[in-house]
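K.L.:
Got query-v4.pdb for you, PDB, C-alpha atoms:
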ATOM      1  CA  MET A   1       0.000   0.000   0.000  1.00  0.00           C
ATOM      2  CA  GLU A   2       1.075   3.535  -0.699  1.00  0.00           C
ATOM      3  CA  THR A   3       1.729   5.779   2.286  1.00  0.00           C
ATOM      4  CA  ARG A   4       0.498   9.281   1.825  1.00  0.00           C
ATOM      5  CA  GLN A   5       2.048  12.272   3.509  1.00  0.00           C
ATOM      6  CA  GLN A   6      -0.423  14.678   5.064  1.00  0.00           C
ATOM      7  CA  GLY A   7      -0.114  18.210   3.738  1.00  0.00           C
ATOM      8  CA  LEU A   8      -1.785  21.528   4.308  1.00  0.00           C
ATOM      9  CA  LEU A   9      -4.545  20.842   1.778  1.00  0.00           C
ATOM     10  CA  ASP A  10      -5.847  17.660   3.410  1.00  0.00           C
ATOM     11  CA  PRO A  11      -5.377  18.027   7.192  1.00  0.00           C
ATOM     12  CA  GLU A  12      -6.613  15.479   9.652  1.00  0.00           C
ATOM     13  CA  PRO A  13      -9.804  16.486  11.460  1.00  0.00           C
ATOM     14  CA  VAL A  14      -9.295  18.092  14.847  1.00  0.00           C
ATOM     15  CA  THR A  15      -9.982  15.696  17.685  1.00  0.00           C
ATOM     16  CA  GLU A  16     -11.639  16.554  20.992  1.00  0.00           C
ATOM     17  CA  VAL A  17      -8.311  16.390  22.799  1.00  0.00           C
ATOM     18  CA  ASP A  18      -6.860  19.024  20.451  1.00  0.00           C
ATOM     19  CA  GLU A  19      -9.858  21.281  21.006  1.00  0.00           C
ATOM     20  CA  GLU A  20      -9.378  21.158  24.763  1.00  0.00           C
ATOM     21  CA  MET A  21      -5.705  22.030  24.414  1.00  0.00           C
ATOM     22  CA  VAL A  22      -6.517  25.028  22.233  1.00  0.00           C
ATOM     23  CA  SER A  23      -9.048  26.378  24.692  1.00  0.00           C
ATOM     24  CA  ASP A  24      -6.451  26.236  27.483  1.00  0.00           C
ATOM     25  CA  VAL A  25      -3.991  28.436  25.544  1.00  0.00           C
ATOM     26  CA  ASP A  26      -4.545  32.190  25.931  1.00  0.00           C
ATOM     27  CA  LEU A  27      -2.712  34.007  23.154  1.00  0.00           C
ATOM     28  CA  ASN A  28      -3.046  37.439  24.767  1.00  0.00           C
ATOM     29  CA  ASN A  29      -0.971  36.378  27.794  1.00  0.00           C
ATOM     30  CA  THR A  30       1.987  35.281  25.663  1.00  0.00           C
ATOM     31  CA  MET A  31       3.164  38.866  25.088  1.00  0.00           C
ATOM     32  CA  THR A  32       3.957  41.627  27.473  1.00  0.00           C
ATOM     33  CA  ASP A  33       2.315  45.047  27.477  1.00  0.00           C
ATOM     34  CA  GLU A  34       5.540  46.537  26.106  1.00  0.00           C
ATOM     35  CA  GLU A  35       5.594  44.110  23.202  1.00  0.00           C
ATOM     36  CA  ARG A  36       1.940  44.825  22.481  1.00  0.00           C
ATOM     37  CA  GLU A  37       2.547  48.597  22.494  1.00  0.00           C
ATOM     38  CA  GLU A  38       5.564  48.153  20.229  1.00  0.00           C
ATOM     39  CA  ILE A  39       3.533  46.093  17.732  1.00  0.00           C
ATOM     40  CA  LEU A  40       0.679  48.627  17.788  1.00  0.00           C
ATOM     41  CA  SER A  41       3.175  51.435  17.201  1.00  0.00           C
ATOM     42  CA  GLU A  42       4.716  49.582  14.263  1.00  0.00           C
ATOM     43  CA  LEU A  43       1.245  48.907  12.864  1.00  0.00           C
ATOM     44  CA  THR A  44       0.358  52.602  13.071  1.00  0.00           C
ATOM     45  CA  LYS A  45       3.601  53.573  11.304  1.00  0.00           C
ATOM     46  CA  LEU A  46       2.915  51.070   8.523  1.00  0.00           C
ATOM     47  CA  GLU A  47      -0.607  52.434   8.052  1.00  0.00           C
ATOM     48  CA  GLU A  48       0.799  55.975   7.794  1.00  0.00           C
ATOM     49  CA  GLU A  49       3.401  54.826   5.246  1.00  0.00           C
ATOM     50  CA  ILE A  50       0.706  53.103   3.184  1.00  0.00           C
ATOM     51  CA  SER A  51      -1.370  56.278   3.218  1.00  0.00           C
ATOM     52  CA  THR A  52       1.638  58.339   2.144  1.00  0.00           C
ATOM     53  CA  LEU A  53       2.453  55.907  -0.662  1.00  0.00           C
ATOM     54  CA  ARG A  54      -1.145  56.104  -1.902  1.00  0.00           C
ATOM     55  CA  GLN A  55      -0.895  59.897  -2.011  1.00  0.00           C
ATOM     56  CA  VAL A  56       2.418  59.747  -3.872  1.00  0.00           C
ATOM     57  CA  LEU A  57       0.974  57.238  -6.350  1.00  0.00           C
ATOM     58  CA  ALA A  58      -2.093  59.433  -6.960  1.00  0.00           C
ATOM     59  CA  SER A  59       0.181  62.421  -7.561  1.00  0.00           C
ATOM     60  CA  LYS A  60       2.341  60.464 -10.018  1.00  0.00           C
ATOM     61  CA  GLU A  61      -0.737  59.151 -11.856  1.00  0.00           C
ATOM     62  CA  LYS A  62      -2.012  62.726 -12.210  1.00  0.00           C
ATOM     63  CA  HIS A  63       1.376  63.874 -13.532  1.00  0.00           C
ATOM     64  CA  HIS A  64       1.412  60.884 -15.910  1.00  0.00           C
ATOM     65  CA  SER A  65      -1.978  61.808 -17.376  1.00  0.00           C
ATOM     66  CA  GLU A  66      -0.933  65.488 -17.706  1.00  0.00           C
ATOM     67  CA  LEU A  67       2.176  64.491 -19.682  1.00  0.00           C
ATOM     68  CA  LYS A  68       0.097  62.278 -21.961  1.00  0.00           C
ATOM     69  CA  ALA A  69      -2.347  65.131 -22.531  1.00  0.00           C
ATOM     70  CA  LYS A  70       0.546  67.433 -23.503  1.00  0.00           C
ATOM     71  CA  LEU A  71       1.707  64.830 -26.026  1.00  0.00           C
ATOM     72  CA  GLY A  72      -1.825  64.468 -27.397  1.00  0.00           C
ATOM     73  CA  ILE A  73      -2.174  60.873 -26.282  1.00  0.00           C
ATOM     74  CA  THR A  74      -5.849  60.305 -25.589  1.00  0.00           C
ATOM     75  CA  PRO A  75      -7.498  57.212 -24.130  1.00  0.00           C
ATOM     76  CA  LEU A  76      -9.019  56.557 -27.561  1.00  0.00           C
ATOM     77  CA  SER A  77      -5.639  56.714 -29.305  1.00  0.00           C
ATOM     78  CA  GLU A  78      -4.175  54.378 -26.678  1.00  0.00           C
ATOM     79  CA  PHE A  79      -7.071  51.986 -27.240  1.00  0.00           C
ATOM     80  CA  LYS A  80      -6.499  52.081 -31.002  1.00  0.00           C
ATOM     81  CA  GLN A  81      -2.781  51.465 -30.548  1.00  0.00           C
ATOM     82  CA  ASN A  82      -3.397  48.553 -28.168  1.00  0.00           C
ATOM     83  CA  PHE A  83      -6.022  47.099 -30.508  1.00  0.00           C
ATOM     84  CA  ASN A  84      -3.719  47.374 -33.524  1.00  0.00           C
ATOM     85  CA  LYS A  85      -0.865  45.730 -31.636  1.00  0.00           C
ATOM     86  CA  SER A  86      -3.116  42.907 -30.447  1.00  0.00           C
ATOM     87  CA  TRP A  87      -4.482  42.434 -33.974  1.00  0.00           C
ATOM     88  CA  TYR A  88      -0.948  42.275 -35.379  1.00  0.00           C
ATOM     89  CA  ASP A  89       0.142  39.814 -32.672  1.00  0.00           C
ATOM     90  CA  MET A  90      -2.850  37.609 -33.424  1.00  0.00           C
ATOM     91  CA  GLN A  91      -2.217  37.664 -37.185  1.00  0.00           C
ATOM     92  CA  THR A  92       1.415  36.698 -36.719  1.00  0.00           C
ATOM     93  CA  SER A  93       0.582  33.831 -34.366  1.00  0.00           C
ATOM     94  CA  THR A  94       1.132  30.282 -35.558  1.00  0.00           C
ATOM     95  CA  ALA A  95      -2.470  29.272 -34.804  1.00  0.00           C
ATOM     96  CA  TYR A  96      -3.853  32.122 -36.932  1.00  0.00           C
ATOM     97  CA  LYS A  97      -1.548  31.295 -39.827  1.00  0.00           C
ATOM     98  CA  LYS A  98      -2.480  27.595 -39.764  1.00  0.00           C
ATOM     99  CA  THR A  99      -6.197  28.384 -39.560  1.00  0.00           C
ATOM    100  CA  SER A 100      -5.919  30.888 -42.395  1.00  0.00           C
ATOM    101  CA  GLU A 101      -4.095  28.388 -44.591  1.00  0.00           C
ATOM    102  CA  THR A 102      -6.668  25.669 -43.837  1.00  0.00           C
ATOM    103  CA  LEU A 103      -9.592  27.957 -44.636  1.00  0.00           C
ATOM    104  CA  SER A 104      -7.901  29.128 -47.821  1.00  0.00           C
ATOM    105  CA  THR A 105      -7.360  25.540 -48.969  1.00  0.00           C
ATOM    106  CA  ALA A 106     -10.953  24.630 -48.129  1.00  0.00           C
ATOM    107  CA  GLY A 107     -12.176  27.657 -50.081  1.00  0.00           C
ATOM    108  CA  GLN A 108     -10.102  26.714 -53.099  1.00  0.00           C
ATOM    109  CA  LYS A 109     -11.405  23.134 -53.054  1.00  0.00           C
ATOM    110  CA  THR A 110     -14.990  24.314 -52.693  1.00  0.00           C
ATOM    111  CA  SER A 111     -14.538  26.800 -55.525  1.00  0.00           C
ATOM    112  CA  ALA A 112     -13.066  24.109 -57.758  1.00  0.00           C
ATOM    113  CA  ALA A 113     -15.942  21.760 -56.917  1.00  0.00           C
ATOM    114  CA  PHE A 114     -18.546  24.409 -57.793  1.00  0.00           C
ATOM    115  CA  THR A 115     -16.709  25.217 -61.024  1.00  0.00           C
ATOM    116  CA  THR A 116     -16.738  21.528 -61.975  1.00  0.00           C
ATOM    117  CA  LEU A 117     -20.405  21.285 -61.054  1.00  0.00           C
ATOM    118  CA  GLY A 118     -21.273  24.393 -63.065  1.00  0.00           C
ATOM    119  CA  THR A 119     -19.377  23.125 -66.093  1.00  0.00           C
ATOM    120  CA  ALA A 120     -21.064  19.729 -65.879  1.00  0.00           C
ATOM    121  CA  ILE A 121     -24.503  21.298 -65.506  1.00  0.00           C
ATOM    122  CA  SER A 122     -24.082  23.662 -68.434  1.00  0.00           C
ATOM    123  CA  ARG A 123     -22.688  20.892 -70.636  1.00  0.00           C
ATOM    124  CA  LYS A 124     -25.524  18.545 -69.729  1.00  0.00           C
ATOM    125  CA  PHE A 125     -28.175  21.211 -70.191  1.00  0.00           C
ATOM    126  CA  GLY A 126     -26.721  21.799 -73.623  1.00  0.00           C
ATOM    127  CA  ASP A 127     -26.957  18.071 -74.350  1.00  0.00           C
ATOM    128  CA  MET A 128     -30.503  17.922 -73.001  1.00  0.00           C
ATOM    129  CA  SER A 129     -31.686  20.959 -74.941  1.00  0.00           C
ATOM    130  CA  TYR A 130     -30.295  19.334 -78.085  1.00  0.00           C
ATOM    131  CA  SER A 131     -32.203  16.148 -77.211  1.00  0.00           C
ATOM    132  CA  ILE A 132     -35.406  18.074 -76.498  1.00  0.00           C
ATOM    133  CA  ARG A 133     -35.096  19.968 -79.770  1.00  0.00           C
ATOM    134  CA  HIS A 134     -34.951  16.658 -81.524  1.00  0.00           C
ATOM    135  CA  SER A 135     -38.251  15.616 -79.895  1.00  0.00           C
ATOM    136  CA  MET A 136     -36.881  13.154 -77.436  1.00  0.00           C
ATOM    137  CA  SER A 137     -39.446  12.284 -74.786  1.00  0.00           C
ATOM    138  CA  MET A 138     -38.699  13.127 -71.171  1.00  0.00           C
ATOM    139  CA  PRO A 139     -38.643   9.478 -69.934  1.00  0.00           C
ATOM    140  CA  ALA A 140     -36.331   8.561 -72.764  1.00  0.00           C
ATOM    141  CA  MET A 141     -34.131  11.559 -71.966  1.00  0.00           C
ATOM    142  CA  ARG A 142     -33.840  10.452 -68.302  1.00  0.00           C
ATOM    143  CA  ASN A 143     -32.609   7.086 -69.428  1.00  0.00           C
ATOM    144  CA  SER A 144     -30.135   8.566 -71.890  1.00  0.00           C
ATOM    145  CA  PRO A 145     -26.388   8.097 -71.284  1.00  0.00           C
ATOM    146  CA  SER A 146     -25.918  11.893 -71.079  1.00  0.00           C
ATOM    147  CA  PHE A 147     -28.477  12.296 -68.303  1.00  0.00           C
ATOM    148  CA  LYS A 148     -27.108   9.291 -66.377  1.00  0.00           C
ATOM    149  CA  SER A 149     -23.573  10.669 -66.690  1.00  0.00           C
ATOM    150  CA  PHE A 150     -24.794  14.071 -65.501  1.00  0.00           C
ATOM    151  CA  GLU A 151     -26.484  12.528 -62.452  1.00  0.00           C
ATOM    152  CA  GLU A 152     -23.309  10.646 -61.541  1.00  0.00           C
ATOM    153  CA  LYS A 153     -21.135  13.769 -61.808  1.00  0.00           C
ATOM    154  CA  VAL A 154     -23.527  15.824 -59.664  1.00  0.00           C
ATOM    155  CA  GLU A 155     -23.657  13.080 -57.018  1.00  0.00           C
ATOM    156  CA  CYS A 156     -19.850  12.765 -57.068  1.00  0.00           C
ATOM    157  CA  THR A 157     -19.373  16.539 -56.747  1.00  0.00           C
ATOM    158  CA  VAL A 158     -21.842  16.764 -53.862  1.00  0.00           C
ATOM    159  CA  SER A 159     -20.079  13.878 -52.105  1.00  0.00           C
ATOM    160  CA  ASN A 160     -16.685  15.585 -52.555  1.00  0.00           C
ATOM    161  CA  ILE A 161     -18.028  18.836 -51.121  1.00  0.00           C
ATOM    162  CA  LYS A 162     -19.429  17.004 -48.100  1.00  0.00           C
ATOM    163  CA  LEU A 163     -16.090  15.245 -47.493  1.00  0.00           C
ATOM    164  CA  ASN A 164     -14.060  18.441 -47.683  1.00  0.00           C
TER
END
Render the structure in this file as structure tokens.

P.N.:
Amino acid sequence: METRQQGLLDPEPVTEVDEEMVSDVDLNNTMTDEEREEILSELTKLEEEISTLRQVLASKEKHHSELKAKLGITPLSEFKQNFNKSWYDMQTSTAYKKTSETLSTAGQKTSAAFTTLGTAISRKFGDMSYSIRHSMSMPAMRNSPSFKSFEEKVECTVSNIKLN
């Protein structure tokens, strides 16, 4: 059997004995009043420093936006620049190039299939109109080699389009 080391993500449940031990420990009595005052003083200083840093940051952000305004850089122009850069990055990505090539190939095959279909249809309509002009009956025309060949080519083209 595999032994599994207990980590922080799957701790053992706390037992009743552990709960009793925790209730007996008083964390406030572990430090002296001097230590507590020192920690509170340090906490106050840190809060003041954080407040000062926020003020400095706000001042720098204001100065930053003023400099941009002087240069004529507007939020809209920044958006356009970011959009253009993202668009360029996307177009130069490998995934975009592969997808573009695949779609281009599929388009070329589909175009070729429709061209073949169109050519076959026009040729067969020409053959059929010739047959009709020579008083061939419709049932006889359907059984003619030209019509059968036309049906086969249309079915083949449709099948090829479905496969691609």

K.L.:
Write out as a list in words which residues come within 10 Å of Glu151 (chain A) when counting all atoms listed in the file, dropping same-chain ones fewer than 3 positions away.

P.N.:
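The contact residues come out as Ala120, Ile121, Lys124, Arg142, Pro145, Ser146, Phe147, Lys148, Val154, Glu155, Cys156 and Thr157 of chain A.
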
K.L.:
Given all atoms listed in the file as the basis, pick out the residue of A:Lys153, A:Arg54, A:Lys62, A:Lys97 nearest to Ala113 (chain A).

P.N.:
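Going through A:Lys153, A:Arg54, A:Lys62, A:Lys97 one by one, the smallest distance to Ala113 (chain A) is for A:Lys153.
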
K.L.:
Give me, please, the distance in Å between CA of Glu152 (chain A) and CA of Thr116 (chain A), quoted to one decimal.

P.N.:
12.7 Å

K.L.:
Would you compute the distance between CA of Glu101 (chain A) and CA of Asn160 (chain A)? Give it in Å to one decimal.

P.N.:
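Computed distance, CA of Glu101 (chain A) to CA of Asn160 (chain A), equals 19.6 Å.
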
K.L.:
Between A:Met31, A:Leu57, A:Ile161, A:Met90, which is the closest to Thr115 (chain A) once you count all atoms listed in the file?

P.N.:
A:Ile161

K.L.:
Rounded to one decimal place, report the CA of Ser149 (chain A)-CA of Ser122 (chain A) distance in Å.

P.N.:
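These two atoms are separated by 13.1 Å.
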
K.L.:
Draw an axis-aligned box over all listed atoms of region 53-60 of chain A, pad each side with 8 Å, and write its centre and edge lengths in Å, one decimal, as AutoDock Vina command-line options.

P.N.:
--center_x 0.2 --center_y 59.2 --center_z -5.3 --size_x 20.5 --size_y 22.5 --size_z 25.4
